[in-house]
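Structure record follows, encoded as structure tokens.
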Amino acid sequence: MSTPAEEAKPLAKKKKKVPFDYSPYIRGGKLPHIWCPGCGHGIVLKSLLRAVHASGTSQNDVAMVSGIGCSSRTPGYVDFNTLHTLHGRAITYATGLKMANPKLKVLVITGDGDALAIGGNHFIHACRRNLDLTILVYNNFTYGMTSGQTSPTTTQGKISTTGRHGNIDPPFDTCTLAKAAGATYVARGTAYHFQELEKIIFDAFMHKGTSVVDIIDACPTYYGKYNKYASATDMMEQLEKDGTVSVKQAEKLTPEELEGKLLRGVLHRSERPEYSEEYGKLVTSLQSKK
Amino acid sequence: MAVVEKEKRIFRIEIDPRLCKACVICVDFCPTDVLMINGNTVAVKNLDACNGCQLCDNRCPDFAIQVFEE
Ligand SMILES: Cc1ncc(C[n+]2csc(CCOP(=O)(O)OP(=O)(O)O)c2C)c(N)n1
Ligand code: SF4
Ligand code: SF4
Ligand code: SF4
């Protein structure tokens, strides 16, 4: 026997499609943003805003902290509590903020240069402590803001301002590094896979402890131009769509087929005591001894 | 045999020329070739073909295009 709800179904009109309304999250009058035509940072920002919206967190309870770089310009556009700090130091400011006010949901926006070169030390130690931060690494394989120098994630053989004959440095894998350093949620997404990215950022945001998301996106102006990609779309197809495979797809592929591809999806998840809570317990126990 | 005609869904595409940087991403990814670049901004060339998938909006880095169902 069918329930009344089931009977009513065919009559119910299909819901009309409405676009996501970003306006409550964007500071009035701040758009257009400074990013170049086709820069992936804007696409990532949209996935991020949808993820925060889906979490139902009040904008007043979110703090966004960034360092310096094109990616790090993000906080200037959004209506959260925001801090735009020094190159490489986003995680240090975020640490202070979270320790002073553990109720805040703290998002760190950082580039591959900001997080892994000048800020590499802060990055590994945040992971080690398992402080509840959501660290989003906008990984465009280059220093965009300063015109396309080699970064710690630049692929071998690729051209940059500081590597005119092709990069010989083996790159860091952000996720392997984060996991080894102790982060308890580690994932990778891309701007191309905007829906999957939204889901990953949502999970990272909800996770208690240090979460790191390596987000592959495109810098058409420098990395794209130097390495002869035809357009922003071409970069999204080659680097993000064809350059990555999901963890699930990877299970069916041989090591040869996986060569040169980055894994996408949740790469590591574990539970460990969270740093600001441990600190809170220590404070309480010392106060009770007085 | 009765031919049941699928109700045609109608969409409206809103473009903000102040925000669009003509990066071509939406034009390239639109599965039904609805969009084109006209000078410094994107424009609609064949609204009838729009299926409302919102790929253009989701991959637009500039908050410049939105698709509404009428
Ligand atoms: C202490 C210090 N050193 C160097 C710089 C110059 N600088 C500004 S942004 C940047 C790199 C940005 O690259 P990344 O973090 O990958 O971000 P993107 O611009 O690619 O988004 C550098 C080296 C600086 N601002 N401060
Ligand atoms: S220089 Fe590169 S990273 Fe910076 S805004 Fe332009 S495209 Fe984006
Ligand atoms: S909604 Fe889909 S079909 Fe319509 S213009 Fe956008 S990408 Fe094309
Ligand atoms: S993706 Fe956005 S900025 Fe690029 S052409 Fe389309 S509407 Fe304009």
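Following the order of the structure tokens, first chain is A, next is B, and so on, with residues numbered from 1 inside each chain and ligands from 1 in the order they appear.
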
Can you build me a table of chain A residues sitting at most 12 Å from chain B, with the closest atom pair per residue and its distance in Å to one decimal, using only C-alpha atoms, sorted by chain and residue number, as JSON lines?
```
{"residue": "A:Lys13", "atom": "CA", "partner": "B:Glu7", "partner_atom": "CA", "distance": 11.5}
{"residue": "A:Lys14", "atom": "CA", "partner": "B:Arg9", "partner_atom": "CA", "distance": 10.6}
{"residue": "A:Lys15", "atom": "CA", "partner": "B:Glu69", "partner_atom": "CA", "distance": 9.5}
{"residue": "A:Lys16", "atom": "CA", "partner": "B:Glu69", "partner_atom": "CA", "distance": 5.8}
{"residue": "A:Lys17", "atom": "CA", "partner": "B:Glu69", "partner_atom": "CA", "distance": 5.4}
{"residue": "A:Val18", "atom": "CA", "partner": "B:Phe68", "partner_atom": "CA", "distance": 5.3}
{"residue": "A:Pro19", "atom": "CA", "partner": "B:Val67", "partner_atom": "CA", "distance": 6.1}
{"residue": "A:Phe20", "atom": "CA", "partner": "B:Gln66", "partner_atom": "CA", "distance": 8.5}
{"residue": "A:Asp21", "atom": "CA", "partner": "B:Gln66", "partner_atom": "CA", "distance": 9.3}
{"residue": "A:Tyr22", "atom": "CA", "partner": "B:Phe63", "partner_atom": "CA", "distance": 8.1}
{"residue": "A:Ser23", "atom": "CA", "partner": "B:Phe63", "partner_atom": "CA", "distance": 9.5}
{"residue": "A:Tyr25", "atom": "CA", "partner": "B:Phe63", "partner_atom": "CA", "distance": 11.9}
{"residue": "A:Ile26", "atom": "CA", "partner": "B:Phe63", "partner_atom": "CA", "distance": 10.2}
{"residue": "A:Gly29", "atom": "CA", "partner": "B:Leu19", "partner_atom": "CA", "distance": 11.4}
{"residue": "A:Lys30", "atom": "CA", "partner": "B:Leu19", "partner_atom": "CA", "distance": 10.8}
{"residue": "A:Leu31", "atom": "CA", "partner": "B:Leu19", "partner_atom": "CA", "distance": 7.0}
{"residue": "A:Pro32", "atom": "CA", "partner": "B:Leu19", "partner_atom": "CA", "distance": 5.3}
{"residue": "A:His33", "atom": "CA", "partner": "B:Asp62", "partner_atom": "CA", "distance": 7.4}
{"residue": "A:Ile34", "atom": "CA", "partner": "B:Asp62", "partner_atom": "CA", "distance": 9.8}
{"residue": "A:Trp35", "atom": "CA", "partner": "B:Asp62", "partner_atom": "CA", "distance": 8.6}
{"residue": "A:Cys36", "atom": "CA", "partner": "B:Lys21", "partner_atom": "CA", "distance": 8.0}
{"residue": "A:Pro37", "atom": "CA", "partner": "B:Cys23", "partner_atom": "CA", "distance": 4.9}
{"residue": "A:Gly38", "atom": "CA", "partner": "B:Cys23", "partner_atom": "CA", "distance": 4.9}
{"residue": "A:Cys39", "atom": "CA", "partner": "B:Pro61", "partner_atom": "CA", "distance": 6.7}
{"residue": "A:Gly40", "atom": "CA", "partner": "B:Pro61", "partner_atom": "CA", "distance": 6.4}
{"residue": "A:His41", "atom": "CA", "partner": "B:Pro61", "partner_atom": "CA", "distance": 7.0}
{"residue": "A:Gly42", "atom": "CA", "partner": "B:Pro61", "partner_atom": "CA", "distance": 4.0}
{"residue": "A:Ile43", "atom": "CA", "partner": "B:Pro61", "partner_atom": "CA", "distance": 4.4}
{"residue": "A:Val44", "atom": "CA", "partner": "B:Pro61", "partner_atom": "CA", "distance": 7.9}
{"residue": "A:Leu45", "atom": "CA", "partner": "B:Pro61", "partner_atom": "CA", "distance": 8.2}
{"residue": "A:Lys46", "atom": "CA", "partner": "B:Asn58", "partner_atom": "CA", "distance": 7.5}
{"residue": "A:Ser47", "atom": "CA", "partner": "B:Asn58", "partner_atom": "CA", "distance": 8.1}
{"residue": "A:Leu48", "atom": "CA", "partner": "B:Asn58", "partner_atom": "CA", "distance": 11.7}
{"residue": "A:Leu49", "atom": "CA", "partner": "B:Asn58", "partner_atom": "CA", "distance": 11.7}
{"residue": "A:Arg50", "atom": "CA", "partner": "B:Asn58", "partner_atom": "CA", "distance": 10.5}
{"residue": "A:Tyr77", "atom": "CA", "partner": "B:Asp62", "partner_atom": "CA", "distance": 11.7}
{"residue": "A:Thr190", "atom": "CA", "partner": "B:Arg59", "partner_atom": "CA", "distance": 11.2}
{"residue": "A:Ala191", "atom": "CA", "partner": "B:Arg59", "partner_atom": "CA", "distance": 7.6}
{"residue": "A:Tyr192", "atom": "CA", "partner": "B:Arg59", "partner_atom": "CA", "distance": 7.1}
{"residue": "A:His193", "atom": "CA", "partner": "B:Arg59", "partner_atom": "CA", "distance": 9.1}
{"residue": "A:Phe194", "atom": "CA", "partner": "B:Asn58", "partner_atom": "CA", "distance": 6.9}
{"residue": "A:Gln195", "atom": "CA", "partner": "B:Asn58", "partner_atom": "CA", "distance": 8.4}
{"residue": "A:Glu196", "atom": "CA", "partner": "B:Asn58", "partner_atom": "CA", "distance": 11.9}
{"residue": "A:Leu197", "atom": "CA", "partner": "B:Asn58", "partner_atom": "CA", "distance": 11.4}
{"residue": "A:Glu198", "atom": "CA", "partner": "B:Asn58", "partner_atom": "CA", "distance": 10.8}
{"residue": "A:Asp217", "atom": "CA", "partner": "B:Pro61", "partner_atom": "CA", "distance": 11.0}
{"residue": "A:Ala218", "atom": "CA", "partner": "B:Pro61", "partner_atom": "CA", "distance": 10.9}
{"residue": "A:Cys219", "atom": "CA", "partner": "B:Pro61", "partner_atom": "CA", "distance": 11.9}
{"residue": "A:Pro220", "atom": "CA", "partner": "B:Cys23", "partner_atom": "CA", "distance": 9.9}
{"residue": "A:Thr221", "atom": "CA", "partner": "B:Cys23", "partner_atom": "CA", "distance": 11.3}
{"residue": "A:Ala230", "atom": "CA", "partner": "B:Val24", "partner_atom": "CA", "distance": 11.6}
{"residue": "A:Ser231", "atom": "CA", "partner": "B:Cys23", "partner_atom": "CA", "distance": 8.4}
{"residue": "A:Ala232", "atom": "CA", "partner": "B:Ile25", "partner_atom": "CA", "distance": 6.8}
{"residue": "A:Thr233", "atom": "CA", "partner": "B:Ile25", "partner_atom": "CA", "distance": 5.5}
{"residue": "A:Asp234", "atom": "CA", "partner": "B:Ile25", "partner_atom": "CA", "distance": 9.2}
{"residue": "A:Met235", "atom": "CA", "partner": "B:Ile25", "partner_atom": "CA", "distance": 10.5}
{"residue": "A:Met236", "atom": "CA", "partner": "B:Ile25", "partner_atom": "CA", "distance": 9.2}
{"residue": "A:Glu237", "atom": "CA", "partner": "B:Phe29", "partner_atom": "CA", "distance": 10.1}
```

Could you write out the selected residues, including C-alpha atoms, as a PDB file, in the first residue's frame?
```pdb
ATOM      1  CA  LYS A  13       5.737  20.034  -9.582  1.00  0.00           C
ATOM      2  CA  LYS A  14       9.418  19.493 -10.240  1.00  0.00           C
ATOM      3  CA  LYS A  15      11.416  22.040  -8.297  1.00  0.00           C
ATOM      4  CA  LYS A  16      12.696  24.877 -10.420  1.00  0.00           C
ATOM      5  CA  LYS A  17      16.432  25.295 -10.650  1.00  0.00           C
ATOM      6  CA  VAL A  18      17.785  28.323  -8.865  1.00  0.00           C
ATOM      7  CA  PRO A  19      21.409  29.387  -8.846  1.00  0.00           C
ATOM      8  CA  PHE A  20      23.322  29.558  -5.561  1.00  0.00           C
ATOM      9  CA  ASP A  21      23.171  33.088  -4.130  1.00  0.00           C
ATOM     10  CA  TYR A  22      26.721  34.138  -3.203  1.00  0.00           C
ATOM     11  CA  SER A  23      25.769  37.725  -2.363  1.00  0.00           C
ATOM     12  CA  TYR A  25      28.959  36.053   1.565  1.00  0.00           C
ATOM     13  CA  ILE A  26      30.546  38.749  -0.596  1.00  0.00           C
ATOM     14  CA  GLY A  29      31.198  46.617  -3.701  1.00  0.00           C
ATOM     15  CA  LYS A  30      34.310  44.414  -3.615  1.00  0.00           C
ATOM     16  CA  LEU A  31      33.774  42.708  -6.972  1.00  0.00           C
ATOM     17  CA  PRO A  32      35.248  42.472  -9.563  1.00  0.00           C
ATOM     18  CA  HIS A  33      38.159  40.765  -7.814  1.00  0.00           C
ATOM     19  CA  ILE A  34      41.791  41.312  -8.851  1.00  0.00           C
ATOM     20  CA  TRP A  35      42.337  37.811 -10.234  1.00  0.00           C
ATOM     21  CA  CYS A  36      43.217  37.507 -13.934  1.00  0.00           C
ATOM     22  CA  PRO A  37      40.739  36.223 -16.529  1.00  0.00           C
ATOM     23  CA  GLY A  38      40.424  32.457 -16.076  1.00  0.00           C
ATOM     24  CA  CYS A  39      42.334  32.299 -12.750  1.00  0.00           C
ATOM     25  CA  GLY A  40      41.164  29.234 -10.834  1.00  0.00           C
ATOM     26  CA  HIS A  41      41.097  31.003  -7.461  1.00  0.00           C
ATOM     27  CA  GLY A  42      37.592  32.392  -8.115  1.00  0.00           C
ATOM     28  CA  ILE A  43      36.200  28.935  -8.903  1.00  0.00           C
ATOM     29  CA  VAL A  44      37.685  27.538  -5.685  1.00  0.00           C
ATOM     30  CA  LEU A  45      36.218  30.422  -3.695  1.00  0.00           C
ATOM     31  CA  LYS A  46      32.747  29.575  -4.980  1.00  0.00           C
ATOM     32  CA  SER A  47      33.045  25.922  -3.927  1.00  0.00           C
ATOM     33  CA  LEU A  48      34.285  27.119  -0.543  1.00  0.00           C
ATOM     34  CA  LEU A  49      31.340  29.501  -0.026  1.00  0.00           C
ATOM     35  CA  ARG A  50      28.832  26.776  -0.922  1.00  0.00           C
ATOM     36  CA  TYR A  77      36.203  39.693  -0.729  1.00  0.00           C
ATOM     37  CA  THR A 190      40.443  20.601  -8.188  1.00  0.00           C
ATOM     38  CA  ALA A 191      38.607  23.665  -9.476  1.00  0.00           C
ATOM     39  CA  TYR A 192      37.409  21.585 -12.445  1.00  0.00           C
ATOM     40  CA  HIS A 193      35.661  19.103 -10.093  1.00  0.00           C
ATOM     41  CA  PHE A 194      33.766  21.934  -8.375  1.00  0.00           C
ATOM     42  CA  GLN A 195      31.065  19.760  -6.814  1.00  0.00           C
ATOM     43  CA  GLU A 196      33.456  17.175  -5.398  1.00  0.00           C
ATOM     44  CA  LEU A 197      35.589  20.078  -4.120  1.00  0.00           C
ATOM     45  CA  GLU A 198      32.599  21.582  -2.312  1.00  0.00           C
ATOM     46  CA  ASP A 217      43.822  25.237  -9.891  1.00  0.00           C
ATOM     47  CA  ALA A 218      45.153  27.197 -12.823  1.00  0.00           C
ATOM     48  CA  CYS A 219      47.320  30.300 -13.206  1.00  0.00           C
ATOM     49  CA  PRO A 220      46.810  30.939 -16.914  1.00  0.00           C
ATOM     50  CA  THR A 221      48.760  34.220 -16.839  1.00  0.00           C
ATOM     51  CA  ALA A 230      46.225  27.132 -24.985  1.00  0.00           C
ATOM     52  CA  SER A 231      43.787  28.677 -22.472  1.00  0.00           C
ATOM     53  CA  ALA A 232      42.407  28.522 -18.939  1.00  0.00           C
ATOM     54  CA  THR A 233      40.058  25.774 -20.130  1.00  0.00           C
ATOM     55  CA  ASP A 234      42.992  23.819 -21.553  1.00  0.00           C
ATOM     56  CA  MET A 235      44.750  24.020 -18.165  1.00  0.00           C
ATOM     57  CA  MET A 236      41.622  22.821 -16.384  1.00  0.00           C
ATOM     58  CA  GLU A 237      41.377  19.883 -18.754  1.00  0.00           C
TER      59      GLU A 237
END
```

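The set of residues in stretch 83-127 of chain A assigned to helix (DSSP H, G or I) by DSSP, using only backbone atoms of this structure, is A:Ala90, A:Ile91, A:Thr92, A:Tyr93, A:Ala94, A:Thr95, A:Gly96, A:Leu97, A:Lys98, A:Met99, A:Ala100, A:Asp112, A:Gly113, A:Asp114, A:Ala115, A:Leu116, A:Ala117, A:Ile118, A:Gly120, A:Asn121, A:His122, A:Phe123, A:Ile124, A:His125, A:Ala126, A:Cys127.
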
For the residues in that selection, give me N, CA, C and O atoms as a compact mmCIF listing (two decimals), in the first residue's frame.
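Writing done, so here's result-v1.txt:
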```txt
# COMPACT_ATOMS: atom_id res chain seq x y z
N ALA A 90 50.32 32.75 7.59
CA ALA A 90 48.88 32.62 7.84
C ALA A 90 48.61 31.64 8.99
O ALA A 90 47.79 31.93 9.87
N ILE A 91 49.31 30.52 8.99
CA ILE A 91 49.04 29.48 10.00
C ILE A 91 49.41 29.96 11.40
O ILE A 91 48.75 29.61 12.37
N THR A 92 50.41 30.82 11.51
CA THR A 92 50.79 31.30 12.85
C THR A 92 49.70 32.23 13.41
O THR A 92 49.35 32.12 14.58
N TYR A 93 49.18 33.11 12.57
CA TYR A 93 48.09 33.99 13.02
C TYR A 93 46.84 33.15 13.33
O TYR A 93 46.14 33.40 14.31
N ALA A 94 46.58 32.17 12.47
CA ALA A 94 45.41 31.31 12.66
C ALA A 94 45.53 30.54 13.98
O ALA A 94 44.54 30.34 14.70
N THR A 95 46.75 30.12 14.31
CA THR A 95 46.99 29.39 15.56
C THR A 95 46.66 30.28 16.76
O THR A 95 45.93 29.87 17.68
N GLY A 96 47.14 31.52 16.72
CA GLY A 96 46.87 32.45 17.81
C GLY A 96 45.38 32.70 17.98
O GLY A 96 44.84 32.69 19.10
N LEU A 97 44.73 32.88 16.84
CA LEU A 97 43.29 33.16 16.84
C LEU A 97 42.49 32.00 17.43
O LEU A 97 41.62 32.18 18.29
N LYS A 98 42.82 30.80 16.99
CA LYS A 98 42.09 29.60 17.44
C LYS A 98 42.34 29.35 18.93
O LYS A 98 41.43 28.96 19.66
N MET A 99 43.57 29.57 19.38
CA MET A 99 43.89 29.34 20.79
C MET A 99 43.18 30.37 21.67
O MET A 99 42.76 30.06 22.78
N ALA A 100 43.06 31.61 21.17
CA ALA A 100 42.41 32.66 21.95
C ALA A 100 40.89 32.49 21.96
O ALA A 100 40.22 32.83 22.92
N ASP A 112 50.53 27.55 -2.80
CA ASP A 112 51.58 26.53 -2.69
C ASP A 112 52.89 27.16 -2.24
O ASP A 112 53.65 26.56 -1.47
N GLY A 113 53.15 28.41 -2.67
CA GLY A 113 54.35 29.10 -2.23
C GLY A 113 54.22 29.50 -0.77
O GLY A 113 55.10 29.24 0.05
N ASP A 114 53.10 30.12 -0.45
CA ASP A 114 52.84 30.60 0.90
C ASP A 114 52.89 29.46 1.93
O ASP A 114 53.52 29.58 2.98
N ALA A 115 52.26 28.34 1.60
CA ALA A 115 52.14 27.24 2.57
C ALA A 115 53.38 26.37 2.65
O ALA A 115 53.76 25.92 3.73
N LEU A 116 54.01 26.12 1.50
CA LEU A 116 55.02 25.05 1.48
C LEU A 116 56.46 25.54 1.32
O LEU A 116 57.40 24.80 1.59
N ALA A 117 56.65 26.80 0.88
CA ALA A 117 58.02 27.33 0.79
C ALA A 117 58.28 28.13 2.07
O ALA A 117 58.65 27.56 3.08
N ILE A 118 57.99 29.42 2.03
CA ILE A 118 58.28 30.28 3.19
C ILE A 118 57.52 29.82 4.44
O ILE A 118 58.00 29.96 5.55
N GLY A 120 56.53 26.64 5.08
CA GLY A 120 56.59 25.17 5.21
C GLY A 120 56.74 24.70 6.65
O GLY A 120 56.15 23.69 7.06
N ASN A 121 57.55 25.44 7.41
CA ASN A 121 57.79 25.08 8.80
C ASN A 121 56.51 25.16 9.63
O ASN A 121 56.15 24.23 10.36
N HIS A 122 55.78 26.27 9.46
CA HIS A 122 54.51 26.43 10.19
C HIS A 122 53.52 25.35 9.79
O HIS A 122 52.75 24.86 10.61
N PHE A 123 53.55 25.03 8.51
CA PHE A 123 52.62 24.03 7.98
C PHE A 123 52.81 22.69 8.67
O PHE A 123 51.86 22.10 9.20
N ILE A 124 54.04 22.20 8.71
CA ILE A 124 54.24 20.87 9.30
C ILE A 124 53.95 20.86 10.81
O ILE A 124 53.41 19.89 11.33
N HIS A 125 54.26 21.97 11.47
CA HIS A 125 54.03 21.97 12.92
C HIS A 125 52.55 22.12 13.28
O HIS A 125 52.12 21.59 14.31
N ALA A 126 51.79 22.78 12.43
CA ALA A 126 50.33 22.83 12.65
C ALA A 126 49.78 21.41 12.53
O ALA A 126 48.98 20.96 13.36
N CYS A 127 50.22 20.70 11.52
CA CYS A 127 49.76 19.32 11.30
C CYS A 127 50.13 18.44 12.50
O CYS A 127 49.35 17.62 12.96
```

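Closest to B:Arg12 among B:Thr32, B:Cys50, B:Lys45, B:Ile37 is B:Cys50, based on only C-alpha atoms.
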
Shell around B:Val44 at 9 Å using only C-alpha atoms, local window under 2 positions removed, as JSON, numbers by chain | {"B": [13, 15, 34, 35, 36, 37, 42, 46, 47]}

Would you mind exporting N, CA and C atoms of the selected residues as a CSV table (one decimal), in the first residue's frame?
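Contents of result-v7.csv, as written:
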```
chain,number,residue,atom,x,y,z
B,13,ILE,N,19.3,33.4,-18.6
B,13,ILE,CA,20.7,33.6,-18.3
B,13,ILE,C,21.0,35.0,-18.0
B,15,ILE,N,23.9,37.7,-17.2
B,15,ILE,CA,25.3,38.0,-17.3
B,15,ILE,C,25.6,39.4,-16.7
B,34,VAL,N,25.6,27.2,-25.9
B,34,VAL,CA,24.6,28.3,-25.8
B,34,VAL,C,25.3,29.7,-25.8
B,35,LEU,N,26.6,29.7,-25.4
B,35,LEU,CA,27.3,31.0,-25.1
B,35,LEU,C,28.3,31.4,-26.2
B,36,MET,N,28.7,32.6,-26.2
B,36,MET,CA,29.7,33.1,-27.1
B,36,MET,C,30.4,34.3,-26.5
B,37,ILE,N,31.6,34.7,-27.0
B,37,ILE,CA,32.2,35.9,-26.5
B,37,ILE,C,31.8,37.0,-27.5
B,42,VAL,N,30.8,37.9,-22.2
B,42,VAL,CA,30.1,36.7,-22.7
B,42,VAL,C,28.7,37.1,-23.1
B,46,ASN,N,22.4,31.1,-28.2
B,46,ASN,CA,21.3,30.2,-28.5
B,46,ASN,C,20.6,29.7,-27.2
B,47,LEU,N,19.8,30.6,-26.6
B,47,LEU,CA,19.1,30.3,-25.3
B,47,LEU,C,18.3,29.1,-25.4
```

Within 9 Å of ligand 1: each chain A residue with its shortest pair, only C-alpha atoms and all ligand atoms, as a Markdown table:
```
| residue | atom | partner | partner_atom_place_in_ligand_line | distance |
| --- | --- | --- | --- | --- |
| A:His41 | CA | ligand 1 | 21 (O) | 7.5 |
| A:Gly67 | CA | ligand 1 | 15 (O) | 7.6 |
| A:Ile68 | CA | ligand 1 | 9 (S) | 4.9 |
| A:Gly69 | CA | ligand 1 | 19 (O) | 3.7 |
| A:Cys70 | CA | ligand 1 | 19 (O) | 3.7 |
| A:Ser71 | CA | ligand 1 | 21 (O) | 3.7 |
| A:Ser72 | CA | ligand 1 | 21 (O) | 6.4 |
| A:Arg73 | CA | ligand 1 | 21 (O) | 8.2 |
| A:Leu86 | CA | ligand 1 | 26 (N) | 6.6 |
| A:His87 | CA | ligand 1 | 26 (N) | 4.7 |
| A:Gly88 | CA | ligand 1 | 1 (C) | 7.4 |
| A:Thr110 | CA | ligand 1 | 15 (O) | 6.0 |
| A:Gly111 | CA | ligand 1 | 15 (O) | 3.4 |
| A:Asp112 | CA | ligand 1 | 16 (O) | 4.1 |
| A:Gly113 | CA | ligand 1 | 16 (O) | 3.5 |
| A:Asp114 | CA | ligand 1 | 15 (O) | 3.6 |
| A:Ala115 | CA | ligand 1 | 15 (O) | 6.5 |
| A:Leu116 | CA | ligand 1 | 15 (O) | 8.2 |
| A:Ala117 | CA | ligand 1 | 15 (O) | 8.2 |
| A:Ile118 | CA | ligand 1 | 3 (N) | 7.4 |
| A:Val137 | CA | ligand 1 | 15 (O) | 8.6 |
| A:Tyr138 | CA | ligand 1 | 21 (O) | 6.5 |
| A:Asn139 | CA | ligand 1 | 16 (O) | 6.6 |
| A:Asn140 | CA | ligand 1 | 20 (O) | 5.9 |
| A:Phe141 | CA | ligand 1 | 16 (O) | 6.9 |
| A:Thr142 | CA | ligand 1 | 20 (O) | 5.2 |
| A:Tyr143 | CA | ligand 1 | 13 (O) | 3.4 |
| A:Gly144 | CA | ligand 1 | 20 (O) | 3.6 |
| A:Met145 | CA | ligand 1 | 19 (O) | 3.8 |
| A:Thr146 | CA | ligand 1 | 10 (C) | 5.5 |
| A:Ser147 | CA | ligand 1 | 19 (O) | 8.1 |
| A:Gly148 | CA | ligand 1 | 20 (O) | 7.5 |
| A:Gln149 | CA | ligand 1 | 11 (C) | 8.1 |
| A:Ser151 | CA | ligand 1 | 16 (O) | 6.7 |
| A:Pro152 | CA | ligand 1 | 16 (O) | 8.7 |
| A:Thr153 | CA | ligand 1 | 16 (O) | 8.9 |
| A:Cys219 | CA | ligand 1 | 20 (O) | 7.2 |
```

Find the residues around A:Ser270 up to 9 Å (only C-alpha atoms counted), leave out those fewer than 3 positions away in its own chain, and share them as a PyMOL selection string.
-> chain A and resi 183-185

Those selected residues, please, written with N, CA and C atoms and delivered as a CSV table (one decimal), in the first residue's frame.
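For reference, out05.csv as written:
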```csv
chain,number,residue,atom,x,y,z
A,183,ALA,N,48.6,15.6,10.1
A,183,ALA,CA,47.2,16.1,9.9
A,183,ALA,C,46.2,15.0,9.9
A,184,THR,N,45.1,15.2,10.4
A,184,THR,CA,44.1,14.1,10.6
A,184,THR,C,43.0,14.1,9.5
A,185,TYR,N,43.0,15.1,8.6
A,185,TYR,CA,42.1,15.0,7.4
A,185,TYR,C,42.9,15.5,6.3
```

Which residue out of A:Gly28, A:Val283, A:Thr74, A:Val212 has the minimum interatomic distance to ligand 2 when only C-alpha atoms and all ligand atoms are used?
-> A:Thr74

Looking only at the backbone, which of the residues in chain B does DSSP tag as strand (DSSP E or B), as number ranges by chain?
-> B: 11-15, 35-38, 41-44, 65-69

If you count only C-alpha atoms and all ligand atoms, the residue of B:Ala43, B:Pro17, B:Asp48, B:Pro31 closest to ligand 3 turns out to be B:Pro31

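Put simply, atom 8 (Fe, counted along the ligand's line) of ligand 2 is 12.2 Å away from atom CA of A:Ile216.
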
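Here the question is which of B:Lys8, B:Asn51, B:Cys56, B:Asp33 gets nearest to ligand 4 using only C-alpha atoms and all ligand atoms, and that residue is B:Cys56.
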